2 protein chains.
Amino acid sequence: MAQSRRRLAEQLRARIAAGEFADKGKLPTEDQLIEEYGATRYAVRNAIALLAEAGDVFPVRGSGVFVREDRGDGDYLSIGTTRGISGEYPGRKVSSVVYELSLLRADETLSRRMHCQEGDQVWKVVRLRLVDDEPLAYETAWYLKEFVPFINEQIAEGSLFGYARNDLGLNFGYVDKVIRAGELNAVEAKALGLKKGQPALYLDDDSFLTNGRLFNSSHIAYHYRNARFFTMTSMK
Amino acid sequence: MAQSRRRLAEQLRARIAAGEFADKGKLPTEDQLIEEYGATRYAVRNAIALLAEAGDVFPVRGSGVFVREDRGDGDYLSIGTTRGISGEYPGRKVSSVVYELSLLRADETLSRRMHCQEGDQVWKVVRLRLVDDEPLAYETAWYLKEFVPFINEQIAEGSLFGYARNDLGLNFGYVDKVIRAGELNAVEAKALGLKKGQPALYLDDDSFLTNGRLFNSSHIAYHYRNARFFTMTSMK
DNA sequence: GAGTGGTCTAGACCACGCA
DNA sequence: GCGTGGTCTAGACCACTCG
């Protein structure tokens, strides 16, 4: 059986999406949910916490759990969650043009970046990511062969994130991200259909497994007009 | 008495900073912490969860709670937490040049942005933020007078965030953020010592109180060479 | 198999909002 | 004052890592 809090969170998310709570603007009380679902308070509170983390809902002590109708109307990439670009655009055409796919051995610089030994085998994947055939990002990514034994062009054209999770069964722990603005270099600009020196949003991702081992590092140049990011941070 | 989990988290953070766990690379086990502090498992686990949220530590089932030594060596602004620019640079000189400070009435556009009625009174504060006298960001911020009854130039030169929390006693709930790259306009560029059309990292902040009411909205242009952001997202 | 963190139960009392 | 979500107690059992 799936964890009860996750199941409950999904059910509540569906009910929210169906507009079931639109009139009052808030969820039933914890006690009501406990009764409705025959769940314990632990499960109910954890489910609500998951929704709150995702920004779908915000609990106010003494008052109730309010649905955030206003949130993220736009066309944003999420920073707070990580599900791959494909996961960010459900129902839209996400494609990739593979510029490079190679298996190399880490030199000193790369070994430091990948937290591995010099000489360890590393996949390098360079792709242009497109959404509905519009260029979104020019991505350079490295994957430790220790964890990702095989990649071919077909896989690289799809979702490497989904491949790692669903086909390889890797368990993701957390992702470090560094974000900054900068000027596009000639290669990035050409791929994105922009000009050298125009703005880019640069994102450096380091993805770790649940055991704390880094398995993927990416350097991504986002198209400054086609990509914007959203995140919500709680101050609890 | 402060909440036990927060107290405990602070004590653990101090011990981590003191390098007390550097040899093993991980915290004592939950059971050991329970005994050391005479705390319950609830408090211990919650304290660890707070540290994990902040990225200071990552728990691995069956193995222990590892200290993240590697993390954020650089000079980053945090996205995951919100404590004002002053809070991001402890021990450094944070100053502001106030370009505009006025009390105005919301027109239709502003009322929509501030989730308030047309005609409601709103403070507008335009500032250049500097760290060690280097320009960091050009910020345009609005505050609802309903929650922030008074601002003067002296206050605006300091930390409005600290003023709202410590002096006005406002309780922050959460912050929505939209991040994108763009081209500086002439005003921003002049203030930041850059040129029009050069890159900027734009951050739009909406800050909400614990009761879900928006009290502050900001539009910030960050210097693309002096500002970079860090965040860590767990995939639990 | 021993030890670790993760999930869960079944309660109690507290702090805050709202009427 | 009542109803709400927040904090906390004191346990039990499960899932995973590692020797």
# chains A, B, ... in the order shown; residues from 1 in each chain; ligands from 1
>>> interface_residues(of="chain C", to="chain A", cutoff="9 Å", atoms="only C-alpha atoms (C1' of nucleotides)", output="PyMOL selection string")
chain C and resi 7-10+15-18
>>> write_last_selection(atoms="all heavy atoms", output="compact mmCIF listing (two decimals), in the first residue's frame")
# COMPACT_ATOMS: atom_id res chain seq x y z
P DT C 7 8.49 8.78 5.54
OP1 DT C 7 8.04 8.77 4.13
OP2 DT C 7 8.63 10.02 6.31
O5' DT C 7 7.54 7.80 6.36
C5' DT C 7 7.23 6.54 5.82
C4' DT C 7 6.26 5.84 6.73
O4' DT C 7 6.84 5.69 8.04
C3' DT C 7 4.94 6.58 6.93
O3' DT C 7 3.89 5.73 6.49
C2' DT C 7 4.88 6.86 8.43
C1' DT C 7 5.82 5.81 9.00
N1 DT C 7 6.48 6.14 10.29
C2 DT C 7 6.25 5.34 11.39
O2 DT C 7 5.53 4.38 11.36
N3 DT C 7 6.91 5.74 12.51
C4 DT C 7 7.77 6.82 12.67
O4 DT C 7 8.31 7.07 13.73
C5 DT C 7 7.96 7.61 11.48
C7 DT C 7 8.87 8.81 11.52
C6 DT C 7 7.31 7.24 10.36
P DC C 8 2.40 6.29 6.40
OP1 DC C 8 1.67 5.38 5.48
OP2 DC C 8 2.45 7.73 6.13
O5' DC C 8 1.84 6.07 7.86
C5' DC C 8 1.84 4.75 8.38
C4' DC C 8 1.55 4.76 9.86
O4' DC C 8 2.63 5.33 10.60
C3' DC C 8 0.32 5.57 10.31
O3' DC C 8 -0.75 4.65 10.46
C2' DC C 8 0.77 6.20 11.64
C1' DC C 8 2.13 5.54 11.89
N1 DC C 8 3.11 6.36 12.66
C2 DC C 8 3.33 6.04 13.99
O2 DC C 8 2.71 5.11 14.50
N3 DC C 8 4.23 6.78 14.71
C4 DC C 8 4.88 7.79 14.12
N4 DC C 8 5.75 8.49 14.86
C5 DC C 8 4.67 8.13 12.75
C6 DC C 8 3.78 7.38 12.06
P DT C 9 -2.20 5.15 10.92
OP1 DT C 9 -3.14 4.15 10.39
OP2 DT C 9 -2.35 6.58 10.61
O5' DT C 9 -2.17 4.99 12.50
C5' DT C 9 -1.83 3.72 13.05
C4' DT C 9 -1.93 3.78 14.55
O4' DT C 9 -0.77 4.48 15.07
C3' DT C 9 -3.16 4.51 15.11
O3' DT C 9 -3.85 3.63 15.97
C2' DT C 9 -2.59 5.72 15.85
C1' DT C 9 -1.16 5.27 16.17
N1 DT C 9 -0.18 6.36 16.27
C2 DT C 9 0.46 6.57 17.47
O2 DT C 9 0.26 5.93 18.47
N3 DT C 9 1.38 7.60 17.44
C4 DT C 9 1.69 8.42 16.37
O4 DT C 9 2.53 9.31 16.48
C5 DT C 9 0.99 8.14 15.15
C7 DT C 9 1.24 8.96 13.94
C6 DT C 9 0.09 7.14 15.15
P DA C 10 -5.38 3.82 16.29
OP1 DA C 10 -5.92 2.49 16.56
OP2 DA C 10 -6.00 4.67 15.26
O5' DA C 10 -5.35 4.64 17.65
C5' DA C 10 -4.57 4.16 18.75
C4' DA C 10 -4.53 5.22 19.84
O4' DA C 10 -3.42 6.11 19.60
C3' DA C 10 -5.78 6.12 19.88
O3' DA C 10 -6.14 6.35 21.23
C2' DA C 10 -5.30 7.39 19.20
C1' DA C 10 -3.87 7.43 19.73
N9 DA C 10 -2.98 8.33 19.01
C8 DA C 10 -3.05 8.72 17.70
N7 DA C 10 -2.10 9.55 17.34
C5 DA C 10 -1.36 9.72 18.50
C6 DA C 10 -0.22 10.49 18.79
N6 DA C 10 0.40 11.25 17.89
N1 DA C 10 0.27 10.43 20.05
C2 DA C 10 -0.35 9.67 20.96
N3 DA C 10 -1.43 8.90 20.80
C4 DA C 10 -1.88 8.98 19.54
P DA C 15 0.19 28.26 24.86
OP1 DA C 15 1.56 28.74 25.06
OP2 DA C 15 -0.91 28.64 25.79
O5' DA C 15 -0.25 28.69 23.39
C5' DA C 15 0.60 28.36 22.29
C4' DA C 15 0.09 29.04 21.02
O4' DA C 15 -1.11 28.39 20.57
C3' DA C 15 -0.28 30.51 21.18
O3' DA C 15 0.04 31.14 19.96
C2' DA C 15 -1.77 30.47 21.45
C1' DA C 15 -2.20 29.29 20.59
N9 DA C 15 -3.33 28.51 21.09
C8 DA C 15 -3.65 28.21 22.39
N7 DA C 15 -4.71 27.46 22.52
C5 DA C 15 -5.12 27.24 21.21
C6 DA C 15 -6.19 26.52 20.67
N6 DA C 15 -7.08 25.85 21.39
N1 DA C 15 -6.31 26.52 19.32
C2 DA C 15 -5.41 27.18 18.59
N3 DA C 15 -4.36 27.89 18.99
C4 DA C 15 -4.28 27.88 20.32
P DC C 16 -0.04 32.67 19.79
OP1 DC C 16 1.18 33.09 19.06
OP2 DC C 16 -0.41 33.28 21.09
O5' DC C 16 -1.27 32.82 18.80
C5' DC C 16 -1.20 32.20 17.53
C4' DC C 16 -2.59 32.13 16.96
O4' DC C 16 -3.42 31.32 17.80
C3' DC C 16 -3.30 33.49 16.86
O3' DC C 16 -3.42 33.79 15.48
C2' DC C 16 -4.63 33.29 17.59
C1' DC C 16 -4.74 31.76 17.67
N1 DC C 16 -5.50 31.21 18.82
C2 DC C 16 -6.67 30.48 18.58
O2 DC C 16 -7.06 30.33 17.42
N3 DC C 16 -7.35 29.95 19.64
C4 DC C 16 -6.90 30.13 20.88
N4 DC C 16 -7.60 29.60 21.87
C5 DC C 16 -5.71 30.87 21.14
C6 DC C 16 -5.04 31.38 20.09
P DG C 17 -4.06 35.10 14.94
OP1 DG C 17 -3.38 35.47 13.68
OP2 DG C 17 -4.09 36.02 16.10
O5' DG C 17 -5.56 34.66 14.59
C5' DG C 17 -5.83 33.97 13.36
C4' DG C 17 -7.34 33.92 13.16
O4' DG C 17 -7.87 33.02 14.15
C3' DG C 17 -8.02 35.27 13.38
O3' DG C 17 -8.37 35.94 12.15
C2' DG C 17 -9.22 34.97 14.28
C1' DG C 17 -9.01 33.55 14.76
N9 DG C 17 -8.81 33.47 16.22
C8 DG C 17 -7.83 34.05 16.97
N7 DG C 17 -7.91 33.77 18.24
C5 DG C 17 -9.04 32.96 18.33
C6 DG C 17 -9.65 32.33 19.45
O6 DG C 17 -9.29 32.38 20.65
N1 DG C 17 -10.77 31.58 19.09
C2 DG C 17 -11.24 31.45 17.81
N2 DG C 17 -12.33 30.70 17.66
N3 DG C 17 -10.69 32.02 16.75
C4 DG C 17 -9.60 32.75 17.09
P DC C 18 -9.47 35.45 11.14
OP1 DC C 18 -9.10 34.15 10.61
OP2 DC C 18 -9.70 36.57 10.22
O5' DC C 18 -10.79 35.33 12.01
C5' DC C 18 -11.63 34.18 11.76
C4' DC C 18 -12.76 34.16 12.74
O4' DC C 18 -12.26 34.11 14.09
C3' DC C 18 -13.69 35.37 12.67
O3' DC C 18 -14.94 34.91 12.21
C2' DC C 18 -13.69 35.92 14.11
C1' DC C 18 -13.21 34.73 14.91
N1 DC C 18 -12.54 35.02 16.22
C2 DC C 18 -12.98 34.35 17.37
O2 DC C 18 -13.90 33.54 17.28
N3 DC C 18 -12.36 34.59 18.55
C4 DC C 18 -11.34 35.47 18.61
N4 DC C 18 -10.77 35.66 19.79
C5 DC C 18 -10.89 36.16 17.45
C6 DC C 18 -11.51 35.91 16.28
>>> residues_around(residues="B:Asp56", least_positions_apart="2", cutoff="10 Å", atoms="only C-alpha atoms (C1' of nucleotides)", output="list in words")
Arg13, Ile16, Ala17, Ile48, Ala49, Leu50, Leu51, Ala52, Glu53, Ala54, Phe58, Phe66, Val67, Arg68, Glu69, Asp70, Arg71, Gly72 and Met232 of chain B
>>> write_last_selection(atoms="C-alpha atoms", output="mmCIF file, in the first residue's frame")
data_model
loop_
_atom_site.group_PDB
_atom_site.id
_atom_site.type_symbol
_atom_site.label_atom_id
_atom_site.label_comp_id
_atom_site.auth_asym_id
_atom_site.auth_seq_id
_atom_site.Cartn_x
_atom_site.Cartn_y
_atom_site.Cartn_z
ATOM 1 C CA ARG B 13 23.463 23.970 14.138
ATOM 2 C CA ILE B 16 27.817 21.503 13.405
ATOM 3 C CA ALA B 17 29.362 24.933 12.887
ATOM 4 C CA ILE B 48 16.626 17.422 12.168
ATOM 5 C CA ALA B 49 13.866 18.150 9.663
ATOM 6 C CA LEU B 50 14.468 21.883 10.099
ATOM 7 C CA LEU B 51 18.180 21.441 9.448
ATOM 8 C CA ALA B 52 17.433 19.218 6.460
ATOM 9 C CA GLU B 53 15.060 21.826 5.030
ATOM 10 C CA ALA B 54 17.807 24.392 5.272
ATOM 11 C CA PHE B 58 20.618 15.074 4.985
ATOM 12 C CA PHE B 66 24.945 13.313 7.344
ATOM 13 C CA VAL B 67 26.369 16.799 7.614
ATOM 14 C CA ARG B 68 26.591 18.646 4.321
ATOM 15 C CA GLU B 69 30.076 20.137 4.479
ATOM 16 C CA ASP B 70 30.236 20.748 0.752
ATOM 17 C CA ARG B 71 27.259 23.044 0.512
ATOM 18 C CA GLY B 72 27.182 26.682 -0.542
ATOM 19 C CA MET B 232 18.218 23.194 -2.299
#
>>> calpha_fit_and_write(fixed="chain B", moving="chain A", output="tab-separated table (two decimals) with C-alpha atoms, in the first residue's frame")
chain	number	residue	atom	x	y	z
A	1	MET	CA	9.62	28.62	26.53
A	2	ALA	CA	10.63	28.53	22.91
A	3	GLN	CA	9.52	25.56	20.88
A	4	SER	CA	11.77	22.70	21.76
A	5	ARG	CA	12.39	21.65	18.17
A	6	ARG	CA	13.64	25.12	17.24
A	7	ARG	CA	15.86	25.34	20.28
A	8	LEU	CA	17.27	21.93	19.52
A	9	ALA	CA	17.81	22.82	15.86
A	10	GLU	CA	19.77	25.93	16.88
A	11	GLN	CA	21.94	23.96	19.27
A	12	LEU	CA	22.68	21.34	16.65
A	13	ARG	CA	23.46	24.04	14.10
A	14	ALA	CA	25.97	25.55	16.51
A	15	ARG	CA	27.59	22.18	17.11
A	16	ILE	CA	27.80	21.57	13.36
A	17	ALA	CA	29.36	25.01	12.85
A	18	ALA	CA	31.89	24.23	15.59
A	19	GLY	CA	32.94	21.22	13.56
A	20	GLU	CA	31.98	18.82	16.29
A	21	PHE	CA	30.80	16.15	13.87
A	22	ALA	CA	33.51	16.67	11.27
A	23	ASP	CA	35.21	13.34	12.00
A	24	LYS	CA	32.27	11.03	11.39
A	25	GLY	CA	30.55	13.38	9.00
A	26	LYS	CA	27.22	12.74	10.61
A	27	LEU	CA	25.11	13.62	13.63
A	28	PRO	CA	24.56	11.31	16.57
A	29	THR	CA	21.67	8.92	16.06
A	30	GLU	CA	18.16	9.96	16.97
A	31	ASP	CA	18.27	7.75	20.05
A	32	GLN	CA	21.52	9.34	21.19
A	33	LEU	CA	20.13	12.85	20.71
A	34	ILE	CA	17.00	11.87	22.62
A	35	GLU	CA	19.19	10.83	25.52
A	36	GLU	CA	21.68	13.73	25.30
A	37	TYR	CA	18.97	16.35	25.36
A	38	GLY	CA	16.34	14.54	27.36
A	39	ALA	CA	14.05	15.34	24.46
A	40	THR	CA	11.37	13.28	22.85
A	41	ARG	CA	11.72	11.73	19.46
A	42	TYR	CA	9.21	14.23	18.13
A	43	ALA	CA	11.43	17.18	19.02
A	44	VAL	CA	14.59	15.50	17.74
A	45	ARG	CA	13.10	14.52	14.41
A	46	ASN	CA	11.55	17.94	13.93
A	47	ALA	CA	14.84	19.67	14.71
A	48	ILE	CA	16.61	17.50	12.16
A	49	ALA	CA	13.83	18.22	9.66
A	50	LEU	CA	14.44	21.95	10.10
A	51	LEU	CA	18.15	21.51	9.43
A	52	ALA	CA	17.41	19.28	6.46
A	53	GLU	CA	15.03	21.88	5.03
A	54	ALA	CA	17.78	24.46	5.26
A	55	GLY	CA	20.15	22.05	3.53
A	56	ASP	CA	22.57	21.80	6.44
A	57	VAL	CA	22.10	18.10	6.81
A	58	PHE	CA	20.59	15.13	4.97
A	59	PRO	CA	19.18	12.05	6.64
A	60	VAL	CA	19.68	8.65	5.02
A	61	ARG	CA	17.48	5.86	6.21
A	62	GLY	CA	19.40	3.01	7.70
A	63	SER	CA	22.57	5.00	7.79
A	64	GLY	CA	22.42	8.28	9.67
A	65	VAL	CA	22.06	12.04	9.37
A	66	PHE	CA	24.94	13.38	7.31
A	67	VAL	CA	26.36	16.86	7.59
A	68	ARG	CA	26.57	18.70	4.28
A	69	GLU	CA	30.06	20.16	4.44
A	70	ASP	CA	30.21	20.78	0.72
A	71	ARG	CA	27.23	23.07	0.50
A	72	GLY	CA	27.15	26.71	-0.53
A	73	ASP	CA	30.80	27.63	-0.22
A	74	GLY	CA	30.18	30.68	-2.30
A	75	ASP	CA	28.64	34.01	-1.88
A	76	TYR	CA	25.02	33.23	-2.60
A	77	LEU	CA	21.68	34.73	-1.85
A	78	SER	CA	19.23	32.18	-0.58
A	79	ILE	CA	15.96	31.54	-2.39
A	80	GLY	CA	14.64	28.89	-0.06
A	81	THR	CA	14.64	31.16	2.96
A	82	THR	CA	13.52	34.75	3.25
A	83	ARG	CA	15.18	37.00	5.75
A	84	GLY	CA	15.81	40.20	3.85
A	85	ILE	CA	19.02	41.20	2.15
A	86	SER	CA	20.52	42.33	5.45
A	87	GLY	CA	19.99	38.84	6.83
A	88	GLU	CA	21.73	37.34	3.82
A	89	TYR	CA	25.00	39.11	4.49
A	90	PRO	CA	25.73	38.83	8.19
A	91	GLY	CA	28.83	40.73	9.21
A	92	ARG	CA	28.94	42.79	6.07
A	93	LYS	CA	27.96	46.35	5.39
A	94	VAL	CA	24.48	46.45	3.89
A	95	SER	CA	23.20	49.88	2.94
A	96	SER	CA	20.54	51.47	0.80
A	97	VAL	CA	20.17	54.61	-1.24
A	98	VAL	CA	16.54	55.70	-1.23
A	99	TYR	CA	15.42	56.97	-4.62
A	100	GLU	CA	11.79	57.39	-3.75
A	101	LEU	CA	9.58	57.10	-0.68
A	102	SER	CA	5.96	58.04	-1.10
A	103	LEU	CA	2.49	57.24	0.11
A	104	LEU	CA	0.04	56.86	-2.73
A	105	ARG	CA	-3.40	55.51	-3.46
A	106	ALA	CA	-3.71	52.31	-5.47
A	107	ASP	CA	-4.92	52.70	-9.02
A	108	GLU	CA	-6.51	49.79	-10.79
A	109	THR	CA	-3.22	48.15	-11.77
A	110	LEU	CA	-1.63	48.50	-8.35
A	111	SER	CA	-4.76	47.35	-6.53
A	112	ARG	CA	-4.66	44.12	-8.49
A	113	ARG	CA	-1.01	43.63	-7.72
A	114	MET	CA	-1.52	44.36	-4.02
A	115	HIS	CA	-4.76	42.41	-3.69
A	116	CYS	CA	-6.43	45.51	-2.28
A	117	GLN	CA	-9.18	47.97	-3.14
A	118	GLU	CA	-8.65	50.84	-5.53
A	119	GLY	CA	-7.88	53.92	-3.47
A	120	ASP	CA	-6.25	52.01	-0.61
A	121	GLN	CA	-3.10	53.65	0.67
A	122	VAL	CA	0.19	52.06	-0.33
A	123	TRP	CA	3.79	52.98	0.41
A	124	LYS	CA	6.13	52.95	-2.55
A	125	VAL	CA	9.82	52.55	-1.81
A	126	VAL	CA	12.51	52.60	-4.47
A	127	ARG	CA	15.99	51.76	-3.28
A	128	LEU	CA	19.42	50.79	-4.50
A	129	ARG	CA	20.73	48.07	-2.21
A	130	LEU	CA	24.48	47.87	-1.67
A	131	VAL	CA	26.70	45.30	0.01
A	132	ASP	CA	30.11	46.55	1.05
A	133	ASP	CA	29.34	49.57	-1.12
A	134	GLU	CA	28.96	47.40	-4.23
A	135	PRO	CA	25.60	47.75	-5.97
A	136	LEU	CA	23.58	44.59	-5.58
A	137	ALA	CA	20.03	45.36	-6.63
A	138	TYR	CA	17.60	48.07	-7.69
A	139	GLU	CA	14.36	47.44	-5.86
A	140	THR	CA	10.86	48.82	-6.22
A	141	ALA	CA	8.62	47.77	-3.35
A	142	TRP	CA	5.04	48.45	-2.28
A	143	TYR	CA	3.68	48.03	1.24
A	144	LEU	CA	0.02	48.20	2.29
A	145	LYS	CA	-0.43	51.03	4.77
A	146	GLU	CA	-3.00	48.88	6.53
A	147	PHE	CA	-0.16	46.71	7.81
A	148	VAL	CA	2.77	49.14	7.68
A	149	PRO	CA	1.36	52.38	9.06
A	150	PHE	CA	4.58	54.37	8.91
A	151	ILE	CA	7.85	54.48	6.98
A	152	ASN	CA	10.40	57.27	6.92
A	153	GLU	CA	13.66	57.68	5.05
A	154	GLN	CA	15.72	56.43	7.96
A	155	ILE	CA	13.73	53.22	8.16
A	156	ALA	CA	13.92	52.77	4.40
A	157	GLU	CA	17.70	53.07	4.54
A	158	GLY	CA	17.80	50.09	6.87
A	159	SER	CA	16.06	46.74	6.84
A	160	LEU	CA	12.36	47.08	6.07
A	161	PHE	CA	12.09	43.36	6.57
A	162	GLY	CA	13.46	43.60	10.11
A	163	TYR	CA	11.33	46.67	10.79
A	164	ALA	CA	8.14	44.87	9.78
A	165	ARG	CA	8.94	41.81	11.84
A	166	ASN	CA	10.61	43.20	14.92
A	167	ASP	CA	9.10	46.67	15.31
A	168	LEU	CA	5.66	46.14	13.80
A	169	GLY	CA	5.35	42.56	14.99
A	170	LEU	CA	4.07	41.24	11.67
A	171	ASN	CA	4.01	37.48	11.27
A	172	PHE	CA	5.19	36.35	7.86
A	173	GLY	CA	3.52	33.32	6.33
A	174	TYR	CA	5.02	32.69	2.93
A	175	VAL	CA	6.51	34.39	-0.09
A	176	ASP	CA	5.79	33.79	-3.77
A	177	LYS	CA	8.72	34.43	-6.09
A	178	VAL	CA	9.01	34.70	-9.83
A	179	ILE	CA	12.49	34.69	-11.30
A	180	ARG	CA	13.58	35.50	-14.80
A	181	ALA	CA	16.41	37.07	-16.75
A	182	GLY	CA	15.96	40.21	-18.80
A	183	GLU	CA	17.56	43.33	-20.17
A	184	LEU	CA	18.18	46.27	-17.85
A	185	ASN	CA	16.30	49.46	-18.57
A	186	ALA	CA	18.06	52.82	-18.48
A	187	VAL	CA	17.11	53.69	-14.89
A	188	GLU	CA	18.11	50.35	-13.41
A	189	ALA	CA	21.33	50.28	-15.40
A	190	LYS	CA	22.40	53.72	-14.24
A	191	ALA	CA	21.75	52.91	-10.60
A	192	LEU	CA	23.64	49.61	-10.81
A	193	GLY	CA	26.56	51.07	-12.75
A	194	LEU	CA	25.80	48.93	-15.79
A	195	LYS	CA	24.57	49.64	-19.30
A	196	LYS	CA	21.07	49.51	-20.66
A	197	GLY	CA	20.41	46.16	-22.32
A	198	GLN	CA	22.90	44.25	-20.20
A	199	PRO	CA	21.52	41.21	-18.36
A	200	ALA	CA	19.64	41.40	-15.08
A	201	LEU	CA	18.15	38.79	-12.85
A	202	TYR	CA	14.63	39.93	-12.05
A	203	LEU	CA	12.89	38.75	-8.91
A	204	ASP	CA	9.25	39.48	-8.17
A	205	ASP	CA	8.34	38.86	-4.54
A	206	ASP	CA	4.87	38.73	-3.01
A	207	SER	CA	4.99	38.44	0.78
A	208	PHE	CA	1.99	37.17	2.72
A	209	LEU	CA	1.24	37.25	6.43
A	210	THR	CA	0.23	34.15	8.37
A	211	ASN	CA	-3.39	35.14	7.84
A	212	GLY	CA	-2.91	34.90	4.08
A	213	ARG	CA	-3.06	38.64	3.45
A	214	LEU	CA	-0.48	40.14	1.09
A	215	PHE	CA	1.31	43.07	2.67
A	216	ASN	CA	4.32	43.62	0.42
A	217	SER	CA	5.15	43.20	-3.24
A	218	SER	CA	8.57	43.88	-4.70
A	219	HIS	CA	10.16	44.05	-8.13
A	220	ILE	CA	13.91	43.69	-7.93
A	221	ALA	CA	16.63	43.95	-10.58
A	222	TYR	CA	19.79	42.21	-9.41
A	223	HIS	CA	23.25	43.04	-10.68
A	224	TYR	CA	24.06	40.04	-12.85
A	225	ARG	CA	27.67	39.78	-11.73
A	226	ASN	CA	27.23	40.61	-8.04
A	227	ALA	CA	24.22	38.43	-7.29
A	228	ARG	CA	23.72	34.71	-7.58
A	229	PHE	CA	21.21	32.54	-5.85
A	230	PHE	CA	21.31	29.19	-4.18
A	231	THR	CA	18.57	26.81	-3.22
A	232	MET	CA	18.23	23.18	-2.29
A	233	THR	CA	15.11	21.18	-2.95
A	234	SER	CA	14.42	17.88	-1.33
A	235	MET	CA	12.65	15.22	-3.34
A	236	LYS	CA	11.27	13.32	-0.37
>>> closest_atom_pairs(of="chain D", to="chain A", cutoff="10 Å", atoms="only C-alpha atoms (C1' of nucleotides)", output="CSV")
residue,atom,partner,partner_atom,distance
D:DG3,C1',A:Gly62,CA,7.1
D:DT4,C1',A:Gly62,CA,3.7
D:DG5,C1',A:Arg61,CA,4.3
D:DG6,C1',A:Arg61,CA,7.2
D:DT17,C1',A:Asn211,CA,9.5
>>> write_last_selection(atoms="N, CA and C atoms (P, O5', C5', C4', C3', O3' and C1' of nucleotides)", output="JSON list (two decimals), in the first residue's frame")
[["chain", "number", "residue", "atom", "x", "y", "z"],
["D", 3, "DG", "P", -17.68, 24.31, 18.94],
["D", 3, "DG", "O5'", -16.61, 24.48, 17.77],
["D", 3, "DG", "C5'", -16.84, 25.47, 16.77],
["D", 3, "DG", "C4'", -15.56, 25.69, 16.00],
["D", 3, "DG", "C3'", -14.86, 24.40, 15.57],
["D", 3, "DG", "O3'", -14.54, 24.51, 14.20],
["D", 3, "DG", "C1'", -13.35, 25.81, 16.72],
["D", 4, "DT", "P", -13.85, 23.30, 13.43],
["D", 4, "DT", "O5'", -12.37, 23.82, 13.18],
["D", 4, "DT", "C5'", -12.14, 24.95, 12.33],
["D", 4, "DT", "C4'", -10.75, 25.45, 12.57],
["D", 4, "DT", "C3'", -9.65, 24.42, 12.36],
["D", 4, "DT", "O3'", -9.28, 24.37, 11.02],
["D", 4, "DT", "C1'", -9.25, 25.80, 14.30],
["D", 5, "DG", "P", -8.42, 23.13, 10.48],
["D", 5, "DG", "O5'", -6.94, 23.52, 10.91],
["D", 5, "DG", "C5'", -6.29, 24.62, 10.29],
["D", 5, "DG", "C4'", -5.12, 25.07, 11.14],
["D", 5, "DG", "C3'", -3.86, 24.19, 11.04],
["D", 5, "DG", "O3'", -2.72, 25.03, 11.13],
["D", 5, "DG", "C1'", -4.56, 24.28, 13.26],
["D", 6, "DG", "P", -1.22, 24.41, 11.15],
["D", 6, "DG", "O5'", -0.81, 24.49, 12.69],
["D", 6, "DG", "C5'", -0.36, 25.73, 13.23],
["D", 6, "DG", "C4'", 0.46, 25.50, 14.49],
["D", 6, "DG", "C3'", 1.64, 24.54, 14.30],
["D", 6, "DG", "O3'", 2.77, 25.09, 14.95],
["D", 6, "DG", "C1'", 0.22, 23.75, 16.02],
["D", 17, "DT", "P", 19.15, 1.42, 1.01],
["D", 17, "DT", "O5'", 20.19, 1.32, 2.23],
["D", 17, "DT", "C5'", 20.35, 2.41, 3.12],
["D", 17, "DT", "C4'", 21.53, 2.16, 4.05],
["D", 17, "DT", "C3'", 22.78, 1.58, 3.39],
["D", 17, "DT", "O3'", 23.89, 2.30, 3.93],
["D", 17, "DT", "C1'", 22.07, 0.16, 5.16]]
>>> select_by_dssp(residues="stretch 63-214 of chain A", states="strand (DSSP E)", output="ChimeraX atom specification")
/A:64-67,77-78,94-105,121-131,134-144,172-183,199-209,214
>>> select_by_dssp(residues="stretch 100-234 of chain A", states="alpha helix (DSSP H)", output="ChimeraX atom specification")
/A:108-113,153-157,160-162,186-192
>>> atom_distance(atom1="atom C1' of C:DC13", atom2="atom C1' of D:DC2")
15.6 Å
>>> residues_around(residues="D:DG19", least_positions_apart="6", cutoff="12 Å", atoms="only C-alpha atoms (C1' of nucleotides)", output="list in words")
DG1, DA2 and DG3 of chain C
>>> write_last_selection(atoms="C-alpha atoms (C1' of nucleotides)", output="PDB file, in the first residue's frame")
ATOM      1  C1'  DG C   1      21.072  -9.407  12.266  1.00  0.00           C
ATOM      2  C1'  DA C   2      21.800  -5.075  14.457  1.00  0.00           C
ATOM      3  C1'  DG C   3      21.151  -0.413  13.982  1.00  0.00           C
TER       4       DG C   3
END
